[in-house]
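Raw structure-v7.txt, compact mmCIF, C-alpha atoms and all ligand atoms:
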```txt
# COMPACT_ATOMS: atom_id res chain seq x y z
CA MET A 275 93.20 73.68 67.71
CA ALA A 276 93.15 75.87 70.80
CA GLU A 277 90.83 78.85 70.65
CA ASN A 278 92.48 82.16 69.86
CA PRO A 279 90.13 84.96 71.01
CA GLU A 280 91.97 87.33 68.66
CA ASP A 281 90.26 85.53 65.74
CA ASP A 282 86.94 86.36 67.39
CA GLY A 283 87.88 90.03 67.45
CA ALA A 284 89.19 90.34 71.02
CA ARG A 285 91.47 93.31 71.58
CA MET A 286 94.84 91.93 72.67
CA SER A 287 97.04 95.00 73.09
CA PHE A 288 96.41 97.50 75.85
CA LYS A 289 99.43 99.65 75.32
CA ASP A 290 97.15 102.57 74.38
CA ALA A 291 93.84 101.64 75.95
CA MET A 292 92.43 101.17 79.42
CA SER A 293 92.59 97.53 80.46
CA TYR A 294 90.71 95.50 83.05
CA GLY A 295 93.47 95.96 85.61
CA ASP A 296 93.71 99.69 84.90
CA TYR A 297 89.99 100.25 85.39
CA LEU A 298 89.91 98.27 88.64
CA SER A 299 93.20 99.68 90.02
CA LEU A 300 94.39 96.13 90.54
CA ASP A 301 98.02 97.10 91.18
CA PRO A 302 97.28 99.01 94.40
CA ILE A 303 94.46 96.64 95.39
CA LEU A 304 96.44 93.42 95.02
CA GLY A 305 99.63 95.06 96.22
CA ALA A 306 97.87 95.92 99.46
CA SER A 307 97.75 92.36 100.79
CA LYS A 308 101.00 92.37 102.75
CA PRO A 309 101.45 89.66 105.38
CA LEU A 310 103.80 90.60 108.22
CA SER A 311 104.74 87.02 109.04
CA THR A 312 105.59 83.86 107.14
CA ALA A 313 102.50 82.09 108.54
CA HIS A 314 100.53 80.49 105.71
CA ASP A 315 97.11 81.63 107.01
CA GLU A 316 97.92 85.31 107.36
CA MET A 317 97.06 85.85 103.69
CA LEU A 318 93.59 84.40 104.30
CA PHE A 319 93.16 86.67 107.33
CA ILE A 320 94.16 89.77 105.39
CA ILE A 321 92.05 89.02 102.31
CA GLN A 322 89.06 88.22 104.50
CA HIS A 323 89.25 91.63 106.15
CA GLN A 324 90.06 93.56 103.02
CA THR A 325 87.14 92.05 101.12
CA SER A 326 84.89 92.74 104.13
CA GLU A 327 85.97 96.38 104.06
CA LEU A 328 85.19 96.61 100.34
CA TRP A 329 81.70 95.18 100.90
CA MET A 330 81.24 97.59 103.81
CA ARG A 331 82.21 100.40 101.50
CA LEU A 332 79.42 99.41 99.13
CA ALA A 333 76.98 99.01 102.04
CA LEU A 334 77.76 102.59 103.13
CA HIS A 335 77.29 103.86 99.59
CA GLU A 336 73.88 102.20 99.45
CA LEU A 337 72.79 103.20 102.96
CA ASP A 338 73.72 106.83 102.40
CA ALA A 339 71.83 106.95 99.10
CA ALA A 340 68.88 105.14 100.70
CA ARG A 341 68.74 107.77 103.42
CA THR A 342 68.80 110.59 100.86
CA ALA A 343 65.97 109.00 98.86
CA LEU A 344 63.95 108.33 102.01
CA THR A 345 64.41 111.94 103.09
CA ARG A 346 62.61 113.04 99.93
CA GLY A 347 60.02 110.27 100.32
CA ASP A 348 61.14 108.40 97.20
CA PHE A 349 60.46 104.84 98.40
CA PRO A 350 61.09 102.49 95.43
CA PRO A 351 64.87 103.13 95.21
CA VAL A 352 65.06 102.85 99.01
CA PHE A 353 63.62 99.34 98.85
CA LYS A 354 66.03 98.35 96.14
CA MET A 355 69.05 99.68 98.02
CA LEU A 356 68.05 98.18 101.37
CA THR A 357 67.56 94.80 99.70
CA ARG A 358 71.06 95.11 98.30
CA VAL A 359 72.50 95.95 101.72
CA ALA A 360 70.83 92.85 103.21
CA ARG A 361 72.42 90.79 100.40
CA ILE A 362 75.81 92.34 101.16
CA PHE A 363 75.45 91.19 104.75
CA GLU A 364 74.47 87.76 103.50
CA GLN A 365 77.70 87.78 101.49
CA LEU A 366 79.68 88.79 104.60
CA ASN A 367 77.91 86.07 106.57
CA ASN A 368 78.85 83.39 104.05
CA ALA A 369 82.46 84.58 104.08
CA TRP A 370 82.87 83.30 107.67
CA ASP A 371 82.89 79.77 106.22
CA VAL A 372 86.21 80.53 104.56
CA LEU A 373 87.76 82.10 107.67
CA ARG A 374 86.57 79.18 109.83
CA THR A 375 89.04 76.92 108.01
CA MET A 376 91.71 78.67 110.11
CA THR A 377 92.34 76.75 113.34
CA PRO A 378 93.60 78.20 116.66
CA SER A 379 97.01 76.68 115.88
CA ASP A 380 97.11 78.46 112.49
CA TYR A 381 96.07 81.82 114.01
CA THR A 382 98.53 81.63 116.91
CA GLU A 383 101.35 81.58 114.39
CA PHE A 384 100.78 85.24 113.49
CA ARG A 385 98.40 86.73 116.10
CA GLU A 386 101.26 88.52 117.89
CA ASP A 387 102.17 90.29 114.67
CA LEU A 388 98.80 92.05 114.75
CA GLY A 389 99.93 94.10 117.75
CA GLN A 390 97.00 95.99 119.24
CA SER A 391 95.17 96.35 115.96
CA SER A 392 91.63 94.96 115.88
CA GLY A 393 88.38 95.06 113.92
CA PHE A 394 87.19 97.24 116.78
CA GLN A 395 89.07 100.02 114.97
CA SER A 396 87.20 99.56 111.67
CA HIS A 397 85.91 103.05 110.90
CA GLN A 398 83.63 101.73 108.16
CA TYR A 399 81.98 99.27 110.55
CA ARG A 400 81.43 102.15 112.97
CA LEU A 401 80.01 104.32 110.18
CA ILE A 402 77.53 101.56 109.29
CA GLU A 403 76.42 101.40 112.92
CA TYR A 404 76.13 105.18 113.06
CA ILE A 405 74.14 105.49 109.86
CA LEU A 406 71.75 102.80 111.08
CA GLY A 407 71.31 104.61 114.41
CA ASN A 408 73.60 102.83 116.90
CA ARG A 409 75.50 105.99 117.77
CA ASN A 410 77.85 105.16 120.61
CA THR A 411 80.30 108.07 120.52
CA ALA A 412 82.69 106.29 122.94
CA MET A 413 83.75 104.23 119.91
CA MET A 414 85.18 107.31 118.18
CA ARG A 415 88.28 107.80 120.33
CA VAL A 416 90.30 105.13 118.56
CA HIS A 417 90.11 107.32 115.44
CA GLU A 418 91.41 110.51 117.08
CA HIS A 419 94.85 110.04 115.54
CA ARG A 420 93.26 110.02 112.06
CA VAL A 421 91.70 113.43 111.66
CA ASP A 422 90.13 112.54 108.30
CA LEU A 423 88.37 109.41 109.62
CA HIS A 424 87.37 111.11 112.85
CA ARG A 425 85.81 113.90 110.80
CA MET A 426 83.84 111.40 108.70
CA LEU A 427 82.37 109.88 111.86
CA THR A 428 81.62 113.30 113.37
CA GLN A 429 80.02 114.41 110.12
CA GLU A 430 77.79 111.31 110.13
CA LEU A 431 76.52 112.32 113.57
CA THR A 432 75.31 115.67 112.21
CA GLN A 433 72.69 113.87 110.11
CA PRO A 434 69.62 111.95 111.24
CA SER A 435 70.16 108.18 111.02
CA LEU A 436 68.40 106.11 108.37
CA TYR A 437 66.02 104.91 111.09
CA ASP A 438 65.32 108.48 112.27
CA VAL A 439 64.36 109.34 108.69
CA ALA A 440 62.13 106.24 108.48
CA VAL A 441 60.39 107.28 111.71
CA ALA A 442 59.92 110.81 110.32
CA ARG A 443 58.16 109.35 107.25
CA LEU A 444 56.06 107.16 109.57
CA GLY A 445 54.95 110.15 111.63
CA GLU A 446 54.08 112.09 108.49
CA ALA A 447 52.05 109.29 106.94
CA LEU A 448 50.04 108.68 110.11
CA GLY A 449 49.75 112.37 110.99
CA ARG A 450 51.38 111.74 114.36
CA ASP A 451 54.03 113.73 116.17
CA LEU A 452 56.79 111.19 116.86
CA PRO A 453 59.92 111.71 118.99
CA SER A 454 63.04 112.28 116.89
CA GLY A 455 65.81 111.62 119.46
CA ALA A 456 69.34 113.02 119.70
CA LEU A 457 71.81 112.70 116.82
CA ASP A 458 74.74 111.62 118.98
CA THR A 459 73.32 108.88 121.19
CA PRO A 460 72.16 105.33 120.38
CA HIS A 461 68.47 105.13 119.54
CA VAL A 462 66.34 104.13 122.53
CA ALA A 463 62.96 102.42 122.12
CA GLN A 464 60.03 104.86 122.31
CA PRO A 465 56.50 103.61 123.05
CA ALA A 466 55.01 106.25 120.69
CA ILE A 467 57.10 104.92 117.79
CA GLU A 468 56.18 101.33 118.61
CA ASP A 469 52.48 102.27 118.64
CA ALA A 470 52.83 103.95 115.26
CA TRP A 471 54.46 100.84 113.75
CA ALA A 472 51.68 98.79 115.38
CA GLN A 473 49.11 100.83 113.45
CA VAL A 474 50.97 100.00 110.22
CA TYR A 475 51.20 96.28 111.01
CA ARG A 476 47.55 95.99 112.07
CA ASP A 477 46.35 97.20 108.69
CA PRO A 478 49.14 96.74 106.13
CA GLU A 479 46.83 97.61 103.22
CA ALA A 480 46.29 101.11 104.59
CA GLN A 481 50.05 101.93 104.76
CA TRP A 482 51.59 99.41 102.40
CA THR A 483 54.70 101.47 101.67
CA LEU A 484 55.59 101.91 105.33
CA TYR A 485 54.80 98.26 105.96
CA GLU A 486 57.27 97.32 103.24
CA LEU A 487 59.85 99.75 104.62
CA ALA A 488 59.47 98.25 108.11
CA GLU A 489 60.03 94.74 106.78
CA LYS A 490 63.11 95.83 104.79
CA LEU A 491 64.58 97.31 107.97
CA VAL A 492 63.82 94.17 109.98
CA ASP A 493 65.41 92.08 107.25
CA LEU A 494 68.52 94.25 107.31
CA GLU A 495 68.84 94.00 111.08
CA ASP A 496 68.23 90.25 110.91
CA TYR A 497 71.25 89.84 108.60
CA PHE A 498 73.32 92.26 110.70
CA ARG A 499 72.59 90.21 113.84
CA ARG A 500 73.66 87.08 112.06
CA TRP A 501 76.96 88.79 111.19
CA ARG A 502 77.53 89.61 114.88
CA PHE A 503 76.65 86.06 115.88
CA ASN A 504 78.94 84.50 113.27
CA HIS A 505 81.73 86.82 114.38
CA VAL A 506 81.47 85.97 118.08
CA THR A 507 81.19 82.24 117.33
CA THR A 508 84.26 82.36 115.07
CA VAL A 509 86.15 84.34 117.71
CA GLU A 510 85.31 81.77 120.41
CA ARG A 511 86.33 78.98 118.06
CA VAL A 512 89.67 80.59 117.24
CA ILE A 513 90.82 82.37 120.45
CA GLY A 514 88.42 81.04 123.10
CA PHE A 515 88.09 83.47 126.00
CA LYS A 516 91.40 85.30 125.52
CA ARG A 517 91.31 89.09 125.65
CA GLY A 518 91.10 90.83 122.30
CA THR A 519 94.10 92.47 120.68
CA GLY A 520 92.05 95.68 120.79
CA GLY A 521 92.04 95.39 124.57
CA THR A 522 88.45 94.36 125.27
CA SER A 523 87.43 91.20 127.14
CA GLY A 524 86.92 89.56 123.73
CA VAL A 525 84.01 87.10 123.57
CA ALA A 526 82.34 88.65 126.65
CA TYR A 527 82.42 92.09 124.95
CA LEU A 528 81.13 90.70 121.65
CA ARG A 529 78.32 88.85 123.45
CA ARG A 530 77.19 92.14 125.00
CA MET A 531 77.13 93.61 121.50
CA LEU A 532 74.69 90.87 120.46
CA GLU A 533 72.13 92.59 122.65
CA VAL A 534 72.25 95.85 120.71
CA GLU A 535 69.01 96.47 118.86
CA LEU A 536 69.10 98.85 115.93
CA PHE A 537 65.36 99.23 115.37
CA PRO A 538 63.95 98.14 118.76
CA GLU A 539 60.35 99.26 118.14
CA LEU A 540 60.16 97.08 115.04
CA TRP A 541 61.05 94.03 117.13
CA ASN A 542 58.91 95.01 120.13
CA VAL A 543 55.84 95.63 118.00
CA ARG A 544 55.72 91.95 117.06
CA GLY A 545 54.72 91.08 120.61
CA GLN A 546 51.66 93.28 120.51
CA LEU A 547 50.08 92.16 117.25
C1 LIG A 601 89.84 84.93 113.60
C2 LIG A 601 89.15 85.98 113.27
C3 LIG A 601 88.75 87.06 114.21
C4 LIG A 601 89.01 87.20 115.54
C5 LIG A 601 89.78 86.27 116.46
C6 LIG A 601 88.39 88.43 115.94
C7 LIG A 601 88.41 88.92 117.23
C8 LIG A 601 87.80 90.06 117.66
C9 LIG A 601 87.77 90.52 119.03
C10 LIG A 601 88.38 89.80 120.21
C11 LIG A 601 87.11 91.70 119.04
C12 LIG A 601 86.83 92.60 120.24
C13 LIG A 601 87.72 93.81 120.20
C14 LIG A 601 89.12 93.50 120.67
O1 LIG A 601 89.37 93.61 121.87
O2 LIG A 601 89.98 93.19 119.82
C15 LIG A 601 86.70 91.99 117.68
C16 LIG A 601 86.00 93.10 117.27
C17 LIG A 601 85.63 93.35 115.99
N1 LIG A 601 85.96 92.60 114.87
FE1 LIG A 601 86.86 90.81 114.87
N2 LIG A 601 87.79 89.02 114.88
C18 LIG A 601 87.98 88.22 113.79
C19 LIG A 601 87.55 88.44 112.51
C20 LIG A 601 86.91 89.58 112.09
C21 LIG A 601 86.53 89.86 110.73
C22 LIG A 601 86.70 88.92 109.52
C23 LIG A 601 85.98 91.07 110.71
C24 LIG A 601 85.43 91.74 109.49
C25 LIG A 601 85.71 92.96 109.19
C26 LIG A 601 86.00 91.58 112.07
C27 LIG A 601 85.53 92.80 112.48
C28 LIG A 601 85.41 93.20 113.79
C29 LIG A 601 84.71 94.39 114.19
C30 LIG A 601 83.97 95.36 113.30
C31 LIG A 601 84.84 94.47 115.58
C32 LIG A 601 84.19 95.54 116.48
C33 LIG A 601 82.84 95.02 116.93
C34 LIG A 601 82.10 95.97 117.83
O3 LIG A 601 82.69 96.89 118.40
O4 LIG A 601 80.88 95.75 118.00
N3 LIG A 601 86.57 90.64 112.87
N4 LIG A 601 87.12 90.96 116.86
N1 LIG A 602 90.89 91.14 117.79
C1 LIG A 602 91.55 89.98 117.24
C2 LIG A 602 92.50 90.42 116.15
C3 LIG A 602 91.73 90.64 114.95
O1 LIG A 602 90.82 89.93 114.74
C4 LIG A 602 92.10 91.64 113.97
C5 LIG A 602 93.36 92.22 114.00
C6 LIG A 602 93.72 93.10 113.01
C7 LIG A 602 92.84 93.41 112.00
C8 LIG A 602 91.58 92.82 112.00
C9 LIG A 602 91.20 91.94 113.01
N2 LIG A 602 89.96 91.39 112.97
C10 LIG A 602 88.90 91.54 113.75
O2 LIG A 602 88.84 91.97 114.86
C11 LIG A 602 92.23 89.16 118.31
O3 LIG A 602 92.09 89.48 119.46
O4 LIG A 602 92.85 88.15 117.96
```
Would you put the structure from the file into structure tokens?
Ligand code: HEM
Ligand SMILES: N[C@@H](CC(=O)c1ccccc1NC=O)C(=O)O
Amino acid sequence: MAENPEDDGARMSFKDAMSYGDYLSLDPILGASKPLSTAHDEMLFIIQHQTSELWMRLALHELDAARTALTRGDFPPVFKMLTRVARIFEQLNNAWDVLRTMTPSDYTEFREDLGQSSGFQSHQYRLIEYILGNRNTAMMRVHEHRVDLHRMLTQELTQPSLYDVAVARLGEALGRDLPSGALDTPHVAQPAIEDAWAQVYRDPEAQWTLYELAEKLVDLEDYFRRWRFNHVTTVERVIGFKRGTGGTSGVAYLRRMLEVELFPELWNVRGQL
């Protein structure tokens, strides 16, 4: 006889109680995948982006809380949250395997329907970059028509980045005065910061907590770089060297973005150990 979960005590009526779908707001979530064309692969394209945005939402939640904890010098939760963010990026990196099943022929069927929309206009992606310290304000203009989103980005730039806060903790622990940099420009490598990290790496036992923080940040950037690399490789595979719908040169633009370093001193220091 087939199993009837009711016999095992499962609640079967949700007329008067919150159900799974209620709790997760599945009606709006699932109702939001709305292909514009009849092309079979457009659903894949939409779901891929929507799930990415949900994971980015979680990454932002974690990064913001990590920054708050790091500001008060509470390291253990910071480590836990940064590990989770690296795992989220790993998840996003693995997701490219699904999207790669879409060929150029499949994509061409609906690319025109995308108009001039592009991932370039993802405000959450930009917020992640801003919170990590890559604060290129030129990227904000595409959000001018959305006052609420523009305000979120502007508000992010009023706070020190996660990396700025990490450097502040580093300076404190070593008793050194380290440069703090501007809030509204991308972080630029500073020899004094590199030297401070070098002190940590030369004697990890003496500053174990900062050593662990440094490695968590490197790990995070490592996964982030892999995301950028997977993106540009997928883009080349699917649209070759066509211009992007967002108006950039496409692959050439994305290749330049591969050169962006979030925590440059942490990479540079490796050469001097
Ligand atoms: C077939 C799949 C994809 C293609 C052909 C593609 C293409 C492009 C191109 C050409 C650009 C440059 C901007 C432009 O001119 O449009 C771009 C930027 C971007 N795309 Fe994609 N993309 C794809 C999938 C994805 C996915 C799955 C995401 C995940 C959310 C994503 C997120 C982004 C982001 C965040 C940018 C801005 C990058 C930056 O400014 O550094 N893309 N994409
Ligand atoms: N920039 C892409 C279009 C694209 O990928 C896209 C379009 C709308 C929403 C998300 C997108 N994904 C990433 O850029 C292209 O040029 O084909």
* To do: Name the residues, by chain letter and number, that sit within 9 Å of ligand LIG 601 (chain A) using all atoms listed in the file, and give them as a PyMOL selection string.
  => chain A and resi 319-327+330+366+369-370+373-374+376-378+381+385+390-400+403+413+502+505-506+508-528+530-532
Could you write those residues out with C-alpha atoms, as a PDB file, keeping the file's coordinate frame?
```
ATOM      1  CA  PHE A 319      93.160  86.670 107.330  1.00  0.00           C
ATOM      2  CA  ILE A 320      94.160  89.770 105.390  1.00  0.00           C
ATOM      3  CA  ILE A 321      92.050  89.020 102.310  1.00  0.00           C
ATOM      4  CA  GLN A 322      89.060  88.220 104.500  1.00  0.00           C
ATOM      5  CA  HIS A 323      89.250  91.630 106.150  1.00  0.00           C
ATOM      6  CA  GLN A 324      90.060  93.560 103.020  1.00  0.00           C
ATOM      7  CA  THR A 325      87.140  92.050 101.120  1.00  0.00           C
ATOM      8  CA  SER A 326      84.890  92.740 104.130  1.00  0.00           C
ATOM      9  CA  GLU A 327      85.970  96.380 104.060  1.00  0.00           C
ATOM     10  CA  MET A 330      81.240  97.590 103.810  1.00  0.00           C
ATOM     11  CA  LEU A 366      79.680  88.790 104.600  1.00  0.00           C
ATOM     12  CA  ALA A 369      82.460  84.580 104.080  1.00  0.00           C
ATOM     13  CA  TRP A 370      82.870  83.300 107.670  1.00  0.00           C
ATOM     14  CA  LEU A 373      87.760  82.100 107.670  1.00  0.00           C
ATOM     15  CA  ARG A 374      86.570  79.180 109.830  1.00  0.00           C
ATOM     16  CA  MET A 376      91.710  78.670 110.110  1.00  0.00           C
ATOM     17  CA  THR A 377      92.340  76.750 113.340  1.00  0.00           C
ATOM     18  CA  PRO A 378      93.600  78.200 116.660  1.00  0.00           C
ATOM     19  CA  TYR A 381      96.070  81.820 114.010  1.00  0.00           C
ATOM     20  CA  ARG A 385      98.400  86.730 116.100  1.00  0.00           C
ATOM     21  CA  GLN A 390      97.000  95.990 119.240  1.00  0.00           C
ATOM     22  CA  SER A 391      95.170  96.350 115.960  1.00  0.00           C
ATOM     23  CA  SER A 392      91.630  94.960 115.880  1.00  0.00           C
ATOM     24  CA  GLY A 393      88.380  95.060 113.920  1.00  0.00           C
ATOM     25  CA  PHE A 394      87.190  97.240 116.780  1.00  0.00           C
ATOM     26  CA  GLN A 395      89.070 100.020 114.970  1.00  0.00           C
ATOM     27  CA  SER A 396      87.200  99.560 111.670  1.00  0.00           C
ATOM     28  CA  HIS A 397      85.910 103.050 110.900  1.00  0.00           C
ATOM     29  CA  GLN A 398      83.630 101.730 108.160  1.00  0.00           C
ATOM     30  CA  TYR A 399      81.980  99.270 110.550  1.00  0.00           C
ATOM     31  CA  ARG A 400      81.430 102.150 112.970  1.00  0.00           C
ATOM     32  CA  GLU A 403      76.420 101.400 112.920  1.00  0.00           C
ATOM     33  CA  MET A 413      83.750 104.230 119.910  1.00  0.00           C
ATOM     34  CA  ARG A 502      77.530  89.610 114.880  1.00  0.00           C
ATOM     35  CA  HIS A 505      81.730  86.820 114.380  1.00  0.00           C
ATOM     36  CA  VAL A 506      81.470  85.970 118.080  1.00  0.00           C
ATOM     37  CA  THR A 508      84.260  82.360 115.070  1.00  0.00           C
ATOM     38  CA  VAL A 509      86.150  84.340 117.710  1.00  0.00           C
ATOM     39  CA  GLU A 510      85.310  81.770 120.410  1.00  0.00           C
ATOM     40  CA  ARG A 511      86.330  78.980 118.060  1.00  0.00           C
ATOM     41  CA  VAL A 512      89.670  80.590 117.240  1.00  0.00           C
ATOM     42  CA  ILE A 513      90.820  82.370 120.450  1.00  0.00           C
ATOM     43  CA  GLY A 514      88.420  81.040 123.100  1.00  0.00           C
ATOM     44  CA  PHE A 515      88.090  83.470 126.000  1.00  0.00           C
ATOM     45  CA  LYS A 516      91.400  85.300 125.520  1.00  0.00           C
ATOM     46  CA  ARG A 517      91.310  89.090 125.650  1.00  0.00           C
ATOM     47  CA  GLY A 518      91.100  90.830 122.300  1.00  0.00           C
ATOM     48  CA  THR A 519      94.100  92.470 120.680  1.00  0.00           C
ATOM     49  CA  GLY A 520      92.050  95.680 120.790  1.00  0.00           C
ATOM     50  CA  GLY A 521      92.040  95.390 124.570  1.00  0.00           C
ATOM     51  CA  THR A 522      88.450  94.360 125.270  1.00  0.00           C
ATOM     52  CA  SER A 523      87.430  91.200 127.140  1.00  0.00           C
ATOM     53  CA  GLY A 524      86.920  89.560 123.730  1.00  0.00           C
ATOM     54  CA  VAL A 525      84.010  87.100 123.570  1.00  0.00           C
ATOM     55  CA  ALA A 526      82.340  88.650 126.650  1.00  0.00           C
ATOM     56  CA  TYR A 527      82.420  92.090 124.950  1.00  0.00           C
ATOM     57  CA  LEU A 528      81.130  90.700 121.650  1.00  0.00           C
ATOM     58  CA  ARG A 530      77.190  92.140 125.000  1.00  0.00           C
ATOM     59  CA  MET A 531      77.130  93.610 121.500  1.00  0.00           C
ATOM     60  CA  LEU A 532      74.690  90.870 120.460  1.00  0.00           C
TER      61      LEU A 532
END
```
* Which residue of A:Leu318, A:Ala466, A:Val534, A:Ile405 approaches ligand LIG 602 (chain A) most closely, using only C-alpha atoms and all ligand atoms ->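 That would be A:Leu318, the residue with the smallest distance to ligand LIG 602 (chain A).
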* Give the answer as one residue: which of A:Pro453, A:Pro350, A:Gly389, A:Pro302 has the shortest atom-to-atom distance to ligand LIG 602 (chain A), using only C-alpha atoms and all ligand atoms? =>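 The closest residue to ligand LIG 602 (chain A) is A:Gly389.
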* Could you name the residues that touch Ser454 (chain A) at 9 Å or less, counting all atoms listed in the file, but leaving out those on the same chain fewer than 5 positions away, as a PyMOL selection string? -> chain A and resi 434+438-439+441-442
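You can rank A:Pro309, A:Gly449, A:Gly545, A:Gly283 by their closest distance to ligand LIG 602 (chain A) using all atoms listed in the file, and at the top of that list sits A:Pro309.
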* To do: Write out as number ranges by chain which residues come within 12 Å of Ala456 (chain A) when counting all atoms listed in the file, dropping same-chain ones fewer than 3 positions away.
  => A: 407-410, 431-435, 438, 453, 459-462
* To do: Could you please determine the separation between CA of Glu364 (chain A) and CA of Ala333 (chain A) in Å, to one decimal place?
  => 11.6 Å
How big is the axis-aligned box around the listed atoms of region 451-454 of chain A once 6 Å is added on each side, and where is its centre? Give both in Å to one decimal, as AutoDock Vina command-line options.
```
--center_x 58.5 --center_y 112.5 --center_z 117.6 --size_x 21.0 --size_y 14.5 --size_z 14.8
```
* Do you know which residues are at most 10 Å from Asp493 (chain A) counting only C-alpha atoms, after dropping those on the same chain fewer than 2 positions away, and could you put them as a list in words? ->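 Counting only C-alpha atoms, the residues come to Leu356, Thr357, Val359, Ala360, Arg361, Leu487, Ala488, Glu489, Lys490, Leu491, Glu495, Asp496, Tyr497, Phe498 and Arg499 of chain A.
When only C-alpha atoms are used to compute distances to Pro465 (chain A), the closest of the residues A:Val416, A:Leu484, A:Val543, A:Met426 turns out to be A:Val543.
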* Could you jot down the CA of Val474 (chain A) to CA of Gly445 (chain A) separation for me, Å, one decimal place? =>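 Atom-to-atom, CA of Val474 (chain A) to CA of Gly445 (chain A), that is 11.0 Å.
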* Could you tell me which of A:Leu444, A:Ala472, A:Leu334, A:Leu310 comes closest to ligand LIG 602 (chain A) if we count all atoms listed in the file? => A:Leu310
* Asked: In Å to one decimal, how far is CA of Leu401 (chain A) from CA of Phe384 (chain A)?
  -> 28.4 Å
* Have a look at A:Leu388, A:Val372, A:Leu300, A:Ala313 and name the one nearest to ligand LIG 602 (chain A); count only C-alpha atoms and all ligand atoms. => A:Leu388
